[in-house]
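J.: Below is the structure I would like to discuss, written out as C-alpha cells.
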Amino acid sequence: MKKLLFATVFAGSLAALAVTLYLMLTIYSGDQGMSGGSETALGAHSERVVVISQEQGSYVMDEIEKGARTAAAGHGMMIDFWGVYRSNDEELLKQIDIAIASKVDGIILEGADRPDFVRLVNKATEKGIPVITINSDAPGSLRKTYIGSNHYQEGILMGQHLAQQLHGKGTIGVITNAESSDTDQLRLKGLREVLDRHAGVKLVFASEDASKLQASMQTFDILNHVPDVIAFIGLPADSGKRIVEAVDFRSRRKDSQVFMFDASPQTKSMIKDGLIQAGLSQHYEDMGKMSVDLLQRWLDSERLPLDPSYYTPISVVGPADVKEEAP
C-alpha cells in the first residue's frame with residue numbers, strides 16, 4: 001500500500017514538473033529558433049511577451065488573442081498565450097511566477113485584486129518586467145495600466161436599458177457567478193445606482209445556497225421564491241442559454257425577458273431568435289491590440305507615463321443590431 005502511495009505521489013510530482021518545464025521552455029525557445037506556440041516576425045532579438053488568461057479557450061480570450069497577435073506582428077514581437085481552462089487560482093499564479101522567472105520582457109494578464117495576485121504583479125514590476133492588466137483589473141497592484149471595459153459604466157448602461165425596456169417597473173432576477181469578482185461588484189454597483197431611481201423596479205437574487213450553483217439552478221430558485229419576476233440579467237458570460245432553458249422549462253417564456261452582460265456569438269444568435277432581448281458588446285479584440293501597443297510603448301519609453309486606465313467602447317446589442325450584422 002505504501003509503495004502504491006509513493007508511486008502515485010511520485011508520478012504526480014513528475015507531471016507537475018513536466019508542465020513547469022514545458023512553460024519555461026516555451027518562453028526560452030524563442031532564442032533557440034523554436035516556435036513553442038509563439039509568434040515572432042523578427043527572430044531571436046524580438047521582445048518576448050506572454051498573455052496569461054483566467055479563461056483560456058473562451059470566446060473572450062479568442063478575441064483578445066486575435067487582436068494581440070495582430071499588434072504583436074506589427075511590432076515584430078514574440079508573443080505566447082498561457083492560461084487555465086477552468087478556475088484554478090493556484091495554476092494561474094504558478095504561470096505568472098514562471099513568466100517572471102523566465103525573464104520575459106512584459107506580461108499581459110487578466111487581473112484580480114487579491115493579495116496573492118497583487119504580490120506577483122508587484123514582484124514582476126520590482127524585477128523590471130512591466131505588467132498590464134486586461135479585461136479585469138488589479139488596481140491595488142503596481143501594474144502599468146488597465147485596458148478594457150469600464151465595468152461600473154457597463155452596469156449603468158445596462159441599468160438604463162433595463163429601465164427603458166421595462167418602463168420603470170418590474171422585478172428583475174440577477175444571475176451571478178459562483179464566485180463573486182470585482183468585475184461583478186462594479187457592474188452591480190452601476191446597475192443598482194440606476195435602478196434605485198425607479199421605485200417600481202426591484203432586483204432579486206437566488207438564495208444563498210443556490211447562488212453558488214449554475215445559472216439554471218439560480219433561475220429555478222428565483223422563480224420558486226419570486227413568482228412575479230418578469231426579467232433576468234446574467235452576469236456570467238455563458239449563462240444565457242441556461243437561463244433561457246430554465247425559463248422555458250417553467251413555461252415562462254412569454255412573460256420573462258432575458259438580458260446579458262455579454263455579446264458572444266451564442267448570445268447574438270439567441271437575440272436573433274428572440275430568446276434574449278439584449279446583450280452588451282465589449283470589443284475584446286480592441287483590448288488585445290491596445291494592450292500590446294501600450295506595452296510596446298512602455299518598452300520603447302515613449303509618451304510615458306501611461307494613463308492609469310484605457311477604457312474600450314461598450315454598447316447594448318439588441319435585435320436591430322444583430323439583424324444589421326447578418327450576412
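Each chain of the C-alpha cells is named A, B, ... in the order shown, its residues numbered from 1; ligands are numbered from 1 in display order.
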Could you pull out the residues in stretch 132-267 of chain A that DSSP calls helix (DSSP H, G or I) from the backbone, as a ChimeraX atom specification?
T.: /A:151-165,182-195,210-212,215-225,240-249,253-255,265-267
J.: What parts of stretch 47-262 of chain A does DSSP call strand (DSSP E or B)? I'd like the answer as a ChimeraX atom specification.
T.: /A:48-53,78-83,106-109,131-134,145-148,169-175,200-205,229-234,257-260
J.: What's around stretch 142-150 of chain A at 8 Å? Count only C-alpha atoms, leave out sequence neighbours fewer than 3 positions away in its own chain, and write the answer as a ChimeraX atom specification.
T.: /A:118,121-122,125,130-139,153-154,282,284,287,290-291,306-314
J.: What are the nearest atom pairs, with distances in Å to one decimal, for all residues of stretch 135-213 of chain A that come at most 12 Å from stretch 82-92 of chain A, using only C-alpha atoms, set out by chain and rising residue number as a tab-separated table?
T.:
residue	atom	partner	partner_atom	distance
A:Asn177	CA	A:Ser87	CA	11.6
A:Ala178	CA	A:Ser87	CA	10.7
A:Glu179	CA	A:Ser87	CA	9.8
J.: If you count only C-alpha atoms, which residues fall within 8 Å of A:Glu47, apart from same-chain ones fewer than 3 positions away, as a VMD selection string?
T.: chain A and resid 76 to 78 104 to 105
J.: Just write the chosen residues, N, CA, C and O atoms, as a tab-separated table (two decimals), in the first residue's frame.
T.:
chain	number	residue	atom	x	y	z
A	76	GLY	N	6.82	43.24	-34.47
A	76	GLY	CA	7.89	42.26	-34.51
A	76	GLY	C	8.15	41.64	-33.15
A	76	GLY	O	9.27	41.32	-32.78
A	77	MET	N	7.09	41.46	-32.39
A	77	MET	CA	7.17	40.98	-31.01
A	77	MET	C	6.83	39.50	-30.94
A	77	MET	O	5.89	39.04	-31.59
A	78	MET	N	7.58	38.73	-30.17
A	78	MET	CA	7.24	37.34	-29.94
A	78	MET	C	6.21	37.27	-28.81
A	78	MET	O	6.41	37.88	-27.75
A	104	VAL	N	10.74	37.35	-19.07
A	104	VAL	CA	10.10	37.88	-20.27
A	104	VAL	C	10.19	39.41	-20.24
A	104	VAL	O	10.50	40.01	-19.21
A	105	ASP	N	9.93	40.03	-21.37
A	105	ASP	CA	10.02	41.49	-21.45
A	105	ASP	C	8.75	42.18	-20.98
A	105	ASP	O	8.76	43.38	-20.69
J.: Tell me which of A:Lys94, A:Glu285, A:Ile108, A:Gly170 sits closest to A:Asp62, counting only C-alpha atoms.
T.: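 Ranking A:Lys94, A:Glu285, A:Ile108, A:Gly170 by distance to A:Asp62, first place goes to A:Glu285.
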J.: Can you list every residue of stretch 58-160 of chain A that has an atom at most 12 Å from stretch 228-240 of chain A, with its nearest atom pair and the distance in Å to one decimal, using only C-alpha atoms, ordered by chain then number, as JSON lines?
T.:
{"residue": "A:Ser58", "atom": "CA", "partner": "A:Asp238", "partner_atom": "CA", "distance": 9.6}
{"residue": "A:Tyr59", "atom": "CA", "partner": "A:Ala237", "partner_atom": "CA", "distance": 9.4}
{"residue": "A:Val60", "atom": "CA", "partner": "A:Ala237", "partner_atom": "CA", "distance": 9.0}
{"residue": "A:His151", "atom": "CA", "partner": "A:Leu235", "partner_atom": "CA", "distance": 11.2}
{"residue": "A:Glu154", "atom": "CA", "partner": "A:Leu235", "partner_atom": "CA", "distance": 11.0}
{"residue": "A:Gly155", "atom": "CA", "partner": "A:Leu235", "partner_atom": "CA", "distance": 10.2}
{"residue": "A:Met158", "atom": "CA", "partner": "A:Ile233", "partner_atom": "CA", "distance": 9.1}
{"residue": "A:Gly159", "atom": "CA", "partner": "A:Ile233", "partner_atom": "CA", "distance": 9.9}
J.: Would you put the residues from that selection into a file with all heavy atoms, as a JSON list (two decimals), in the first residue's frame?
T.:
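The resulting file, part.json, is reproduced below:
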[["chain", "number", "residue", "atom", "x", "y", "z"],
["A", 58, "SER", "N", -11.86, 30.49, -24.21],
["A", 58, "SER", "CA", -13.19, 31.09, -24.25],
["A", 58, "SER", "C", -13.30, 32.05, -25.43],
["A", 58, "SER", "O", -12.29, 32.46, -26.02],
["A", 58, "SER", "CB", -13.47, 31.85, -22.95],
["A", 58, "SER", "OG", -12.61, 32.97, -22.86],
["A", 59, "TYR", "N", -14.51, 32.44, -25.76],
["A", 59, "TYR", "CA", -14.74, 33.43, -26.81],
["A", 59, "TYR", "C", -14.00, 34.73, -26.49],
["A", 59, "TYR", "O", -13.37, 35.34, -27.36],
["A", 59, "TYR", "CB", -16.24, 33.70, -26.96],
["A", 59, "TYR", "CG", -16.57, 35.01, -27.65],
["A", 59, "TYR", "CD1", -16.38, 35.15, -29.02],
["A", 59, "TYR", "CD2", -17.03, 36.10, -26.93],
["A", 59, "TYR", "CE1", -16.66, 36.36, -29.66],
["A", 59, "TYR", "CE2", -17.32, 37.31, -27.55],
["A", 59, "TYR", "CZ", -17.13, 37.43, -28.92],
["A", 59, "TYR", "OH", -17.40, 38.62, -29.53],
["A", 60, "VAL", "N", -14.05, 35.13, -25.22],
["A", 60, "VAL", "CA", -13.39, 36.38, -24.79],
["A", 60, "VAL", "C", -11.91, 36.32, -25.11],
["A", 60, "VAL", "O", -11.35, 37.24, -25.73],
["A", 60, "VAL", "CB", -13.61, 36.62, -23.28],
["A", 60, "VAL", "CG1", -12.74, 37.78, -22.79],
["A", 60, "VAL", "CG2", -15.07, 36.89, -22.98],
["A", 151, "HIS", "N", -16.31, 48.58, -16.06],
["A", 151, "HIS", "CA", -17.39, 47.68, -15.63],
["A", 151, "HIS", "C", -18.49, 48.42, -14.85],
["A", 151, "HIS", "O", -19.66, 48.02, -14.90],
["A", 151, "HIS", "CB", -16.80, 46.54, -14.80],
["A", 151, "HIS", "CG", -15.77, 45.75, -15.53],
["A", 151, "HIS", "ND1", -16.03, 45.10, -16.72],
["A", 151, "HIS", "CD2", -14.45, 45.52, -15.27],
["A", 151, "HIS", "CE1", -14.94, 44.50, -17.15],
["A", 151, "HIS", "NE2", -13.97, 44.73, -16.30],
["A", 154, "GLU", "N", -20.63, 49.78, -17.46],
["A", 154, "GLU", "CA", -21.44, 48.70, -18.04],
["A", 154, "GLU", "C", -22.73, 48.54, -17.25],
["A", 154, "GLU", "O", -23.81, 48.38, -17.83],
["A", 154, "GLU", "CB", -20.66, 47.37, -18.00],
["A", 154, "GLU", "CG", -19.53, 47.26, -18.98],
["A", 154, "GLU", "CD", -18.78, 45.95, -18.84],
["A", 154, "GLU", "OE1", -19.07, 45.19, -17.89],
["A", 154, "GLU", "OE2", -17.92, 45.69, -19.68],
["A", 155, "GLY", "N", -22.60, 48.56, -15.92],
["A", 155, "GLY", "CA", -23.79, 48.43, -15.08],
["A", 155, "GLY", "C", -24.76, 49.57, -15.28],
["A", 155, "GLY", "O", -25.98, 49.38, -15.34],
["A", 158, "MET", "N", -26.45, 49.13, -18.79],
["A", 158, "MET", "CA", -27.45, 48.07, -18.79],
["A", 158, "MET", "C", -28.64, 48.45, -17.91],
["A", 158, "MET", "O", -29.78, 48.12, -18.23],
["A", 158, "MET", "CB", -26.82, 46.76, -18.33],
["A", 158, "MET", "CG", -27.76, 45.56, -18.43],
["A", 158, "MET", "SD", -28.47, 45.33, -20.10],
["A", 158, "MET", "CE", -27.06, 44.65, -20.98],
["A", 159, "GLY", "N", -28.39, 49.15, -16.81],
["A", 159, "GLY", "CA", -29.48, 49.60, -15.96],
["A", 159, "GLY", "C", -30.41, 50.55, -16.69],
["A", 159, "GLY", "O", -31.64, 50.46, -16.58]]
J.: Env of A:Val51: 7 Å cut, atoms = only C-alpha atoms, seq-sep filter 2 positions within chain, self excluded. Answer as a list in words.
T.: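 Listed by chain and then number, they are Val49, Ser53, Asp80, Phe81, Trp82, Ile107, Ile108 and Leu109 of chain A.
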J.: Deliver the residues from the most recent selection as a file, using N, CA and C atoms, as a PDB file, in the first residue's frame.
T.:
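part-v3.pdb written:
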ATOM      1  N   VAL A  49       6.866  38.482 -24.941  1.00  0.00           N
ATOM      2  CA  VAL A  49       5.721  38.850 -24.110  1.00  0.00           C
ATOM      3  C   VAL A  49       4.818  37.641 -23.929  1.00  0.00           C
ATOM      4  N   SER A  53      -4.244  34.119 -19.193  1.00  0.00           N
ATOM      5  CA  SER A  53      -5.702  34.242 -19.116  1.00  0.00           C
ATOM      6  C   SER A  53      -6.291  33.401 -17.996  1.00  0.00           C
ATOM      7  N   ASP A  80       3.326  34.792 -26.540  1.00  0.00           N
ATOM      8  CA  ASP A  80       2.788  33.496 -26.145  1.00  0.00           C
ATOM      9  C   ASP A  80       1.486  33.695 -25.394  1.00  0.00           C
ATOM     10  N   PHE A  81       0.640  32.686 -25.434  1.00  0.00           N
ATOM     11  CA  PHE A  81      -0.649  32.745 -24.755  1.00  0.00           C
ATOM     12  C   PHE A  81      -0.775  31.561 -23.808  1.00  0.00           C
ATOM     13  N   TRP A  82      -0.796  31.863 -22.520  1.00  0.00           N
ATOM     14  CA  TRP A  82      -0.963  30.853 -21.486  1.00  0.00           C
ATOM     15  C   TRP A  82      -2.300  31.070 -20.792  1.00  0.00           C
ATOM     16  N   ILE A 107       4.380  41.266 -19.415  1.00  0.00           N
ATOM     17  CA  ILE A 107       3.281  40.341 -19.113  1.00  0.00           C
ATOM     18  C   ILE A 107       1.960  41.089 -19.253  1.00  0.00           C
ATOM     19  N   ILE A 108       1.027  40.481 -19.980  1.00  0.00           N
ATOM     20  CA  ILE A 108      -0.343  40.985 -20.098  1.00  0.00           C
ATOM     21  C   ILE A 108      -1.251  39.926 -19.483  1.00  0.00           C
ATOM     22  N   LEU A 109      -2.092  40.304 -18.546  1.00  0.00           N
ATOM     23  CA  LEU A 109      -2.925  39.278 -17.912  1.00  0.00           C
ATOM     24  C   LEU A 109      -4.249  39.840 -17.416  1.00  0.00           C
TER      25      LEU A 109
END
J.: One number please: atom CA of A:Ala163 to atom CA of A:Asp255, in Å, one decimal.
T.: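 These two atoms are separated by 16.2 Å.
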J.: Can you pull out every residue within 10 Å of A:Leu120, counting only C-alpha atoms, but drop anything in the same chain fewer than 5 positions away, and send it as an NGL selection string?
T.: :A and (93-94 or 96-97 or 100 or 115 or 125-126 or 141-142)
J.: Based on the selection just made, write N, CA, C and O atoms of those residues as a CSV table (one decimal), in the first residue's frame.
T.:
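Now in selection.csv:
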chain,number,residue,atom,x,y,z
A,93,LEU,N,-1.4,31.4,-10.7
A,93,LEU,CA,-0.3,32.1,-10.0
A,93,LEU,C,1.0,31.5,-10.4
A,93,LEU,O,2.0,32.1,-10.5
A,94,LYS,N,1.0,30.1,-10.5
A,94,LYS,CA,2.2,29.4,-10.9
A,94,LYS,C,2.7,29.9,-12.3
A,94,LYS,O,3.9,30.1,-12.5
A,96,ILE,N,2.2,32.8,-13.7
A,96,ILE,CA,2.8,34.2,-13.6
A,96,ILE,C,4.2,34.1,-13.0
A,96,ILE,O,5.1,34.8,-13.5
A,97,ASP,N,4.4,33.2,-12.0
A,97,ASP,CA,5.7,33.1,-11.4
A,97,ASP,C,6.7,32.5,-12.4
A,97,ASP,O,7.9,32.9,-12.5
A,100,ILE,N,7.8,35.3,-14.7
A,100,ILE,CA,8.8,36.2,-14.1
A,100,ILE,C,10.1,35.5,-14.1
A,100,ILE,O,11.1,36.1,-14.4
A,115,PRO,N,-4.7,39.6,-2.7
A,115,PRO,CA,-3.3,39.8,-2.2
A,115,PRO,C,-2.3,38.9,-2.9
A,115,PRO,O,-1.2,39.4,-3.2
A,125,THR,N,7.1,43.7,-11.4
A,125,THR,CA,7.4,45.1,-11.5
A,125,THR,C,8.8,45.4,-10.9
A,125,THR,O,9.6,46.1,-11.5
A,126,GLU,N,9.0,44.8,-9.7
A,126,GLU,CA,10.3,45.0,-9.0
A,126,GLU,C,11.4,44.4,-9.7
A,126,GLU,O,12.6,44.9,-9.6
A,141,SER,N,-2.4,46.9,-7.4
A,141,SER,CA,-1.1,46.4,-7.7
A,141,SER,C,-0.2,47.5,-8.4
A,141,SER,O,-0.7,48.6,-8.7
A,142,LEU,N,1.0,47.2,-8.7
A,142,LEU,CA,1.9,48.1,-9.5
A,142,LEU,C,1.8,47.9,-11.0
A,142,LEU,O,2.8,48.2,-11.7
J.: Taking only C-alpha atoms into account, name the residue in A:Phe205, A:Phe261, A:Phe117, A:Phe220 that is nearest to A:Leu162.
T.: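 Residue with the minimum atom-to-atom distance to A:Leu162: A:Phe261.
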